[in-house]
Amino acid sequence: METFSSKDMAMRAQKKILSSMATKSSVQMFIDDTTSEILDELYRVSKEYSGNKSEAQKVVKDLIKIAVKIGVLFRNNRFTPEELAIAQEFKRKLHTGAMTAISFYEVDFTFDHAVMTELLNSCRDLLLKLVNTHLTPKSHGRINHVFNHYSDPQLLSKLYEPSGAFRPHLTKICKGLNKLVEDGTI
């Protein structure tokens, strides 16, 4: 016998609609101003690093889609207690990553791409574990795309060059991360 759940149908529709409208103007309903500013800087870093505007847009769009979909799952109480424990571990790891990023920024010549890459890879793995049964392989691919892009050791090294071209972007990213940490968002 086939089971039908209007709640499941509504959630799938929400995820589908939100994934197709992940544009800057529509996302402002779901993402606060500080996060939006960080995303704008991440876009600029990606664009300048890759020299490819469409690739930079795709990475940030993938990041937004994943964040919104996870938000929908969370608001609809779709995570089991075990998955909520994974989500808490992800949040702790993300907090550690933010604090590490800020620390590397504030103290010149302390940046270690291996440390940052490991933190980002750990976050990616936890996130994939969290959404394993909830999102499609295409969404899993988006998660990998975003984390693989931003954990690139060459990109990270350019980003953290003390007098490099990306320094203004890093300043704004870390300022935003600091605000999110202080607010308890991450």
# chains A, B, ... in the order shown; residues from 1 in each chain; ligands from 1
$ closest_atom_pairs --of "stretch 86-175 of chain A" --to "stretch 52-59 of chain A" --cutoff "12 Å" --atoms "only C-alpha atoms" --output "JSON lines"
{"residue": "A:Gly141", "atom": "CA", "partner": "A:Val59", "partner_atom": "CA", "distance": 11.2}
{"residue": "A:Arg142", "atom": "CA", "partner": "A:Val59", "partner_atom": "CA", "distance": 8.0}
{"residue": "A:Ile143", "atom": "CA", "partner": "A:Val59", "partner_atom": "CA", "distance": 9.4}
{"residue": "A:Asn144", "atom": "CA", "partner": "A:Val59", "partner_atom": "CA", "distance": 10.2}
{"residue": "A:His145", "atom": "CA", "partner": "A:Val59", "partner_atom": "CA", "distance": 6.9}
{"residue": "A:Val146", "atom": "CA", "partner": "A:Val59", "partner_atom": "CA", "distance": 5.6}
{"residue": "A:Phe147", "atom": "CA", "partner": "A:Val59", "partner_atom": "CA", "distance": 9.2}
{"residue": "A:Asn148", "atom": "CA", "partner": "A:Val59", "partner_atom": "CA", "distance": 9.9}
{"residue": "A:His149", "atom": "CA", "partner": "A:Val59", "partner_atom": "CA", "distance": 7.6}
{"residue": "A:Tyr150", "atom": "CA", "partner": "A:Val59", "partner_atom": "CA", "distance": 9.1}
$ residues_around --residues "A:Phe166" --least-positions-apart "6" --cutoff "12 Å" --atoms "only C-alpha atoms" --output "ChimeraX atom specification"
/A:41-49,105,155-160,172-173
$ atom_distance --atom1 "atom CA of A:Pro81" --atom2 "atom CA of A:Ser139"
22.1 Å
$ residues_around --residues "A:Gln88" --least-positions-apart "4" --cutoff "12 Å" --atoms "only C-alpha atoms" --output "JSON, numbers by chain"
{"A": [79, 81, 82, 83, 84, 92, 93, 94, 95, 123, 126, 127, 130, 186]}
$ write_last_selection --atoms "all heavy atoms" --output "compact mmCIF listing (two decimals), in the first residue's frame"
# COMPACT_ATOMS: atom_id res chain seq x y z
N PHE A 79 15.35 15.77 11.12
CA PHE A 79 16.54 15.10 11.59
C PHE A 79 16.25 14.24 12.82
O PHE A 79 15.51 14.65 13.71
CB PHE A 79 17.65 16.11 11.92
CG PHE A 79 18.15 16.86 10.71
CD1 PHE A 79 18.08 18.24 10.65
CD2 PHE A 79 18.70 16.17 9.63
CE1 PHE A 79 18.55 18.93 9.54
CE2 PHE A 79 19.17 16.85 8.52
CZ PHE A 79 19.10 18.23 8.47
N PRO A 81 17.40 12.15 16.32
CA PRO A 81 18.30 12.57 17.41
C PRO A 81 19.77 12.32 17.08
O PRO A 81 20.64 13.14 17.43
CB PRO A 81 17.83 11.71 18.59
CG PRO A 81 16.38 11.45 18.31
CD PRO A 81 16.31 11.31 16.80
N GLU A 82 20.07 11.22 16.40
CA GLU A 82 21.46 10.92 16.01
C GLU A 82 21.96 11.97 15.02
O GLU A 82 23.10 12.42 15.10
CB GLU A 82 21.58 9.52 15.40
CG GLU A 82 21.28 8.39 16.35
CD GLU A 82 19.77 8.12 16.53
OE1 GLU A 82 18.94 8.57 15.69
OE2 GLU A 82 19.42 7.48 17.53
N GLU A 83 21.10 12.35 14.07
CA GLU A 83 21.48 13.36 13.09
C GLU A 83 21.63 14.73 13.74
O GLU A 83 22.50 15.51 13.35
CB GLU A 83 20.46 13.41 11.95
CG GLU A 83 20.51 12.18 11.06
CD GLU A 83 19.34 12.06 10.12
OE1 GLU A 83 18.24 12.60 10.42
OE2 GLU A 83 19.50 11.40 9.08
N LEU A 84 20.80 15.02 14.74
CA LEU A 84 20.94 16.29 15.46
C LEU A 84 22.28 16.34 16.20
O LEU A 84 22.89 17.41 16.30
CB LEU A 84 19.77 16.51 16.42
CG LEU A 84 18.43 16.83 15.74
CD1 LEU A 84 17.31 16.84 16.78
CD2 LEU A 84 18.50 18.15 15.00
N ARG A 92 30.02 22.77 15.97
CA ARG A 92 31.27 22.94 16.76
C ARG A 92 32.48 23.02 15.83
O ARG A 92 33.36 23.86 16.01
CB ARG A 92 31.45 21.79 17.75
CG ARG A 92 30.65 21.94 19.03
CD ARG A 92 31.07 20.92 20.10
NE ARG A 92 30.81 19.54 19.73
CZ ARG A 92 29.63 18.94 19.85
NH1 ARG A 92 28.60 19.60 20.35
NH2 ARG A 92 29.49 17.68 19.50
N LYS A 93 32.51 22.16 14.83
CA LYS A 93 33.63 22.15 13.89
C LYS A 93 33.65 23.44 13.06
O LYS A 93 34.71 24.01 12.81
CB LYS A 93 33.52 20.92 12.98
CG LYS A 93 34.70 20.68 12.10
CD LYS A 93 35.97 20.34 12.86
CE LYS A 93 35.99 18.92 13.32
NZ LYS A 93 37.29 18.48 13.83
N LEU A 94 32.47 23.91 12.68
CA LEU A 94 32.36 25.16 11.93
C LEU A 94 32.84 26.34 12.79
O LEU A 94 33.55 27.23 12.31
CB LEU A 94 30.91 25.37 11.47
CG LEU A 94 30.66 26.47 10.46
CD1 LEU A 94 31.43 26.21 9.16
CD2 LEU A 94 29.17 26.58 10.17
N HIS A 95 32.47 26.32 14.06
CA HIS A 95 32.91 27.36 15.00
C HIS A 95 34.44 27.33 15.12
O HIS A 95 35.09 28.38 15.05
CB HIS A 95 32.26 27.13 16.37
CG HIS A 95 32.70 28.11 17.41
ND1 HIS A 95 32.12 29.35 17.55
CD2 HIS A 95 33.67 28.03 18.35
CE1 HIS A 95 32.72 29.99 18.54
NE2 HIS A 95 33.66 29.21 19.03
N CYS A 123 34.38 19.38 8.12
CA CYS A 123 33.03 19.97 8.02
C CYS A 123 32.26 19.34 6.87
O CYS A 123 31.09 18.99 7.02
CB CYS A 123 33.13 21.48 7.82
SG CYS A 123 33.55 22.40 9.30
N LEU A 126 31.11 15.79 7.82
CA LEU A 126 30.00 15.81 8.78
C LEU A 126 28.70 16.23 8.09
O LEU A 126 27.63 15.66 8.35
CB LEU A 126 30.31 16.76 9.94
CG LEU A 126 31.31 16.25 10.96
CD1 LEU A 126 31.77 17.37 11.88
CD2 LEU A 126 30.70 15.10 11.79
N LEU A 127 28.79 17.21 7.21
CA LEU A 127 27.60 17.68 6.51
C LEU A 127 27.04 16.58 5.60
O LEU A 127 25.83 16.36 5.56
CB LEU A 127 27.95 18.93 5.70
CG LEU A 127 26.81 19.81 5.25
CD1 LEU A 127 25.95 20.24 6.44
CD2 LEU A 127 27.35 21.03 4.53
N LEU A 130 25.28 14.16 7.72
CA LEU A 130 24.02 14.71 8.22
C LEU A 130 22.90 14.59 7.18
O LEU A 130 21.78 14.22 7.51
CB LEU A 130 24.21 16.19 8.60
CG LEU A 130 22.97 16.96 9.01
CD1 LEU A 130 22.39 16.40 10.31
CD2 LEU A 130 23.29 18.44 9.16
N ILE A 186 27.44 30.99 14.78
CA ILE A 186 28.32 29.85 14.52
C ILE A 186 29.29 29.67 15.68
O ILE A 186 29.50 30.53 16.46
CB ILE A 186 29.13 29.95 13.20
CG1 ILE A 186 29.98 31.20 13.16
CG2 ILE A 186 28.20 29.86 12.03
CD1 ILE A 186 30.91 31.25 11.95
$ closest_residue --among "A:Glu118, A:His134, A:Asp40, A:Glu182" --to "A:Asn77" --atoms "only C-alpha atoms"
A:His134
$ select_by_dssp --residues "chain A" --states "alpha helix (DSSP H)" --output "VMD selection string"
chain A and resid 6 to 20 24 to 27 33 to 50 53 to 75 81 to 106 113 to 131 137 to 150 153 to 159 167 to 183
$ closest_residue --among "A:Lys91, A:Thr80, A:Ala67, A:Ile86" --to "A:Thr185" --atoms "only C-alpha atoms"
A:Lys91
$ decode --residues "stretch 18-155 of chain A" --atoms "C-alpha atoms" --output "PDB file, in the first residue's frame"
ATOM      1  CA  LEU A  18      13.964  27.220  -2.815  1.00  0.00           C
ATOM      2  CA  SER A  19      16.684  25.490  -4.819  1.00  0.00           C
ATOM      3  CA  SER A  20      15.404  27.053  -8.031  1.00  0.00           C
ATOM      4  CA  MET A  21      15.235  30.563  -6.600  1.00  0.00           C
ATOM      5  CA  ALA A  22      18.671  30.782  -5.011  1.00  0.00           C
ATOM      6  CA  THR A  23      19.352  34.254  -6.355  1.00  0.00           C
ATOM      7  CA  LYS A  24      20.785  37.116  -4.349  1.00  0.00           C
ATOM      8  CA  SER A  25      17.472  38.955  -3.934  1.00  0.00           C
ATOM      9  CA  SER A  26      15.395  35.929  -2.932  1.00  0.00           C
ATOM     10  CA  VAL A  27      17.993  34.519  -0.565  1.00  0.00           C
ATOM     11  CA  GLN A  28      17.882  37.657   1.564  1.00  0.00           C
ATOM     12  CA  MET A  29      14.647  36.251   3.035  1.00  0.00           C
ATOM     13  CA  PHE A  30      16.606  33.291   4.450  1.00  0.00           C
ATOM     14  CA  ILE A  31      20.148  34.568   5.071  1.00  0.00           C
ATOM     15  CA  ASP A  32      21.039  37.479   7.349  1.00  0.00           C
ATOM     16  CA  ASP A  33      22.987  40.539   6.179  1.00  0.00           C
ATOM     17  CA  THR A  34      26.297  39.472   7.753  1.00  0.00           C
ATOM     18  CA  THR A  35      26.177  36.058   6.093  1.00  0.00           C
ATOM     19  CA  SER A  36      25.201  37.701   2.821  1.00  0.00           C
ATOM     20  CA  GLU A  37      28.249  39.992   3.027  1.00  0.00           C
ATOM     21  CA  ILE A  38      30.506  36.979   3.681  1.00  0.00           C
ATOM     22  CA  LEU A  39      28.990  35.182   0.685  1.00  0.00           C
ATOM     23  CA  ASP A  40      29.597  38.259  -1.489  1.00  0.00           C
ATOM     24  CA  GLU A  41      33.275  38.264  -0.473  1.00  0.00           C
ATOM     25  CA  LEU A  42      33.577  34.516  -1.059  1.00  0.00           C
ATOM     26  CA  TYR A  43      32.152  35.112  -4.531  1.00  0.00           C
ATOM     27  CA  ARG A  44      34.728  37.851  -5.207  1.00  0.00           C
ATOM     28  CA  VAL A  45      37.568  35.624  -3.982  1.00  0.00           C
ATOM     29  CA  SER A  46      36.371  32.753  -6.199  1.00  0.00           C
ATOM     30  CA  LYS A  47      35.950  35.024  -9.203  1.00  0.00           C
ATOM     31  CA  GLU A  48      39.389  36.610  -8.841  1.00  0.00           C
ATOM     32  CA  TYR A  49      41.098  33.302  -8.098  1.00  0.00           C
ATOM     33  CA  SER A  50      39.511  31.302 -10.911  1.00  0.00           C
ATOM     34  CA  GLY A  51      39.098  34.158 -13.378  1.00  0.00           C
ATOM     35  CA  ASN A  52      35.737  32.587 -14.156  1.00  0.00           C
ATOM     36  CA  LYS A  53      32.612  34.533 -13.198  1.00  0.00           C
ATOM     37  CA  SER A  54      30.181  31.680 -13.925  1.00  0.00           C
ATOM     38  CA  GLU A  55      32.202  29.179 -11.838  1.00  0.00           C
ATOM     39  CA  ALA A  56      32.300  31.643  -8.927  1.00  0.00           C
ATOM     40  CA  GLN A  57      28.545  32.144  -9.186  1.00  0.00           C
ATOM     41  CA  LYS A  58      27.974  28.376  -9.302  1.00  0.00           C
ATOM     42  CA  VAL A  59      30.033  27.753  -6.152  1.00  0.00           C
ATOM     43  CA  VAL A  60      28.199  30.411  -4.151  1.00  0.00           C
ATOM     44  CA  LYS A  61      24.816  29.349  -5.553  1.00  0.00           C
ATOM     45  CA  ASP A  62      25.561  25.751  -4.524  1.00  0.00           C
ATOM     46  CA  LEU A  63      26.512  26.955  -1.042  1.00  0.00           C
ATOM     47  CA  ILE A  64      23.263  28.902  -0.727  1.00  0.00           C
ATOM     48  CA  LYS A  65      21.135  26.017  -2.000  1.00  0.00           C
ATOM     49  CA  ILE A  66      22.652  23.624   0.528  1.00  0.00           C
ATOM     50  CA  ALA A  67      22.231  26.070   3.416  1.00  0.00           C
ATOM     51  CA  VAL A  68      18.604  26.733   2.521  1.00  0.00           C
ATOM     52  CA  LYS A  69      17.775  23.028   2.076  1.00  0.00           C
ATOM     53  CA  ILE A  70      19.322  22.139   5.426  1.00  0.00           C
ATOM     54  CA  GLY A  71      17.362  25.001   6.982  1.00  0.00           C
ATOM     55  CA  VAL A  72      14.139  23.600   5.515  1.00  0.00           C
ATOM     56  CA  LEU A  73      14.948  20.117   6.841  1.00  0.00           C
ATOM     57  CA  PHE A  74      15.719  21.523  10.284  1.00  0.00           C
ATOM     58  CA  ARG A  75      12.581  23.698  10.443  1.00  0.00           C
ATOM     59  CA  ASN A  76      10.486  20.687   9.447  1.00  0.00           C
ATOM     60  CA  ASN A  77      12.033  18.519  12.197  1.00  0.00           C
ATOM     61  CA  ARG A  78      13.374  15.972   9.715  1.00  0.00           C
ATOM     62  CA  PHE A  79      16.545  15.097  11.593  1.00  0.00           C
ATOM     63  CA  THR A  80      16.686  12.135  13.979  1.00  0.00           C
ATOM     64  CA  PRO A  81      18.295  12.568  17.409  1.00  0.00           C
ATOM     65  CA  GLU A  82      21.457  10.922  16.012  1.00  0.00           C
ATOM     66  CA  GLU A  83      21.479  13.362  13.087  1.00  0.00           C
ATOM     67  CA  LEU A  84      20.938  16.291  15.459  1.00  0.00           C
ATOM     68  CA  ALA A  85      24.063  15.141  17.331  1.00  0.00           C
ATOM     69  CA  ILE A  86      25.933  15.204  13.994  1.00  0.00           C
ATOM     70  CA  ALA A  87      24.539  18.700  13.369  1.00  0.00           C
ATOM     71  CA  GLN A  88      25.875  19.831  16.758  1.00  0.00           C
ATOM     72  CA  GLU A  89      29.285  18.350  15.946  1.00  0.00           C
ATOM     73  CA  PHE A  90      29.182  20.148  12.573  1.00  0.00           C
ATOM     74  CA  LYS A  91      28.357  23.438  14.319  1.00  0.00           C
ATOM     75  CA  ARG A  92      31.267  22.938  16.757  1.00  0.00           C
ATOM     76  CA  LYS A  93      33.630  22.147  13.888  1.00  0.00           C
ATOM     77  CA  LEU A  94      32.362  25.160  11.927  1.00  0.00           C
ATOM     78  CA  HIS A  95      32.914  27.357  14.997  1.00  0.00           C
ATOM     79  CA  THR A  96      36.460  25.996  15.340  1.00  0.00           C
ATOM     80  CA  GLY A  97      37.039  26.663  11.645  1.00  0.00           C
ATOM     81  CA  ALA A  98      35.785  30.237  11.953  1.00  0.00           C
ATOM     82  CA  MET A  99      37.981  30.889  15.006  1.00  0.00           C
ATOM     83  CA  THR A 100      40.979  29.371  13.215  1.00  0.00           C
ATOM     84  CA  ALA A 101      40.348  31.464  10.088  1.00  0.00           C
ATOM     85  CA  ILE A 102      40.138  34.613  12.204  1.00  0.00           C
ATOM     86  CA  SER A 103      43.285  33.701  14.137  1.00  0.00           C
ATOM     87  CA  PHE A 104      45.265  33.040  10.943  1.00  0.00           C
ATOM     88  CA  TYR A 105      44.087  36.421   9.639  1.00  0.00           C
ATOM     89  CA  GLU A 106      44.939  38.361  12.802  1.00  0.00           C
ATOM     90  CA  VAL A 107      48.446  36.916  13.220  1.00  0.00           C
ATOM     91  CA  ASP A 108      50.478  37.256  10.018  1.00  0.00           C
ATOM     92  CA  PHE A 109      52.563  34.298   8.853  1.00  0.00           C
ATOM     93  CA  THR A 110      50.730  31.772  11.060  1.00  0.00           C
ATOM     94  CA  PHE A 111      48.549  30.424   8.256  1.00  0.00           C
ATOM     95  CA  ASP A 112      48.826  26.673   7.703  1.00  0.00           C
ATOM     96  CA  HIS A 113      46.816  25.462   4.718  1.00  0.00           C
ATOM     97  CA  ALA A 114      46.953  21.858   5.979  1.00  0.00           C
ATOM     98  CA  VAL A 115      45.119  22.853   9.177  1.00  0.00           C
ATOM     99  CA  MET A 116      42.494  24.849   7.301  1.00  0.00           C
ATOM    100  CA  THR A 117      42.027  22.163   4.644  1.00  0.00           C
ATOM    101  CA  GLU A 118      41.568  19.511   7.341  1.00  0.00           C
ATOM    102  CA  LEU A 119      38.949  21.632   9.140  1.00  0.00           C
ATOM    103  CA  LEU A 120      37.042  22.226   5.905  1.00  0.00           C
ATOM    104  CA  ASN A 121      37.216  18.544   4.940  1.00  0.00           C
ATOM    105  CA  SER A 122      35.934  17.545   8.394  1.00  0.00           C
ATOM    106  CA  CYS A 123      33.032  19.968   8.022  1.00  0.00           C
ATOM    107  CA  ARG A 124      32.265  18.566   4.565  1.00  0.00           C
ATOM    108  CA  ASP A 125      32.280  14.981   5.851  1.00  0.00           C
ATOM    109  CA  LEU A 126      29.995  15.814   8.779  1.00  0.00           C
ATOM    110  CA  LEU A 127      27.599  17.676   6.510  1.00  0.00           C
ATOM    111  CA  LEU A 128      27.459  14.788   4.034  1.00  0.00           C
ATOM    112  CA  LYS A 129      26.771  12.406   6.920  1.00  0.00           C
ATOM    113  CA  LEU A 130      24.023  14.709   8.216  1.00  0.00           C
ATOM    114  CA  VAL A 131      22.142  14.956   4.912  1.00  0.00           C
ATOM    115  CA  ASN A 132      22.953  11.475   3.623  1.00  0.00           C
ATOM    116  CA  THR A 133      19.365  10.201   3.653  1.00  0.00           C
ATOM    117  CA  HIS A 134      17.647  13.564   3.161  1.00  0.00           C
ATOM    118  CA  LEU A 135      19.177  15.078   0.036  1.00  0.00           C
ATOM    119  CA  THR A 136      19.802  13.765  -3.460  1.00  0.00           C
ATOM    120  CA  PRO A 137      23.190  12.767  -4.888  1.00  0.00           C
ATOM    121  CA  LYS A 138      23.063  16.035  -6.834  1.00  0.00           C
ATOM    122  CA  SER A 139      22.953  17.962  -3.543  1.00  0.00           C
ATOM    123  CA  HIS A 140      25.785  15.801  -2.193  1.00  0.00           C
ATOM    124  CA  GLY A 141      27.727  16.832  -5.290  1.00  0.00           C
ATOM    125  CA  ARG A 142      27.024  20.484  -4.482  1.00  0.00           C
ATOM    126  CA  ILE A 143      28.421  20.025  -0.986  1.00  0.00           C
ATOM    127  CA  ASN A 144      31.571  18.430  -2.405  1.00  0.00           C
ATOM    128  CA  HIS A 145      31.859  21.169  -5.026  1.00  0.00           C
ATOM    129  CA  VAL A 146      31.728  23.964  -2.433  1.00  0.00           C
ATOM    130  CA  PHE A 147      34.093  22.382   0.065  1.00  0.00           C
ATOM    131  CA  ASN A 148      36.560  21.173  -2.568  1.00  0.00           C
ATOM    132  CA  HIS A 149      36.667  24.661  -4.040  1.00  0.00           C
ATOM    133  CA  TYR A 150      37.282  26.526  -0.783  1.00  0.00           C
ATOM    134  CA  SER A 151      39.692  23.950   0.664  1.00  0.00           C
ATOM    135  CA  ASP A 152      42.027  24.255  -2.353  1.00  0.00           C
ATOM    136  CA  PRO A 153      45.477  24.845  -0.758  1.00  0.00           C
ATOM    137  CA  GLN A 154      46.495  27.294  -3.504  1.00  0.00           C
ATOM    138  CA  LEU A 155      43.345  29.370  -3.053  1.00  0.00           C
TER     139      LEU A 155
END
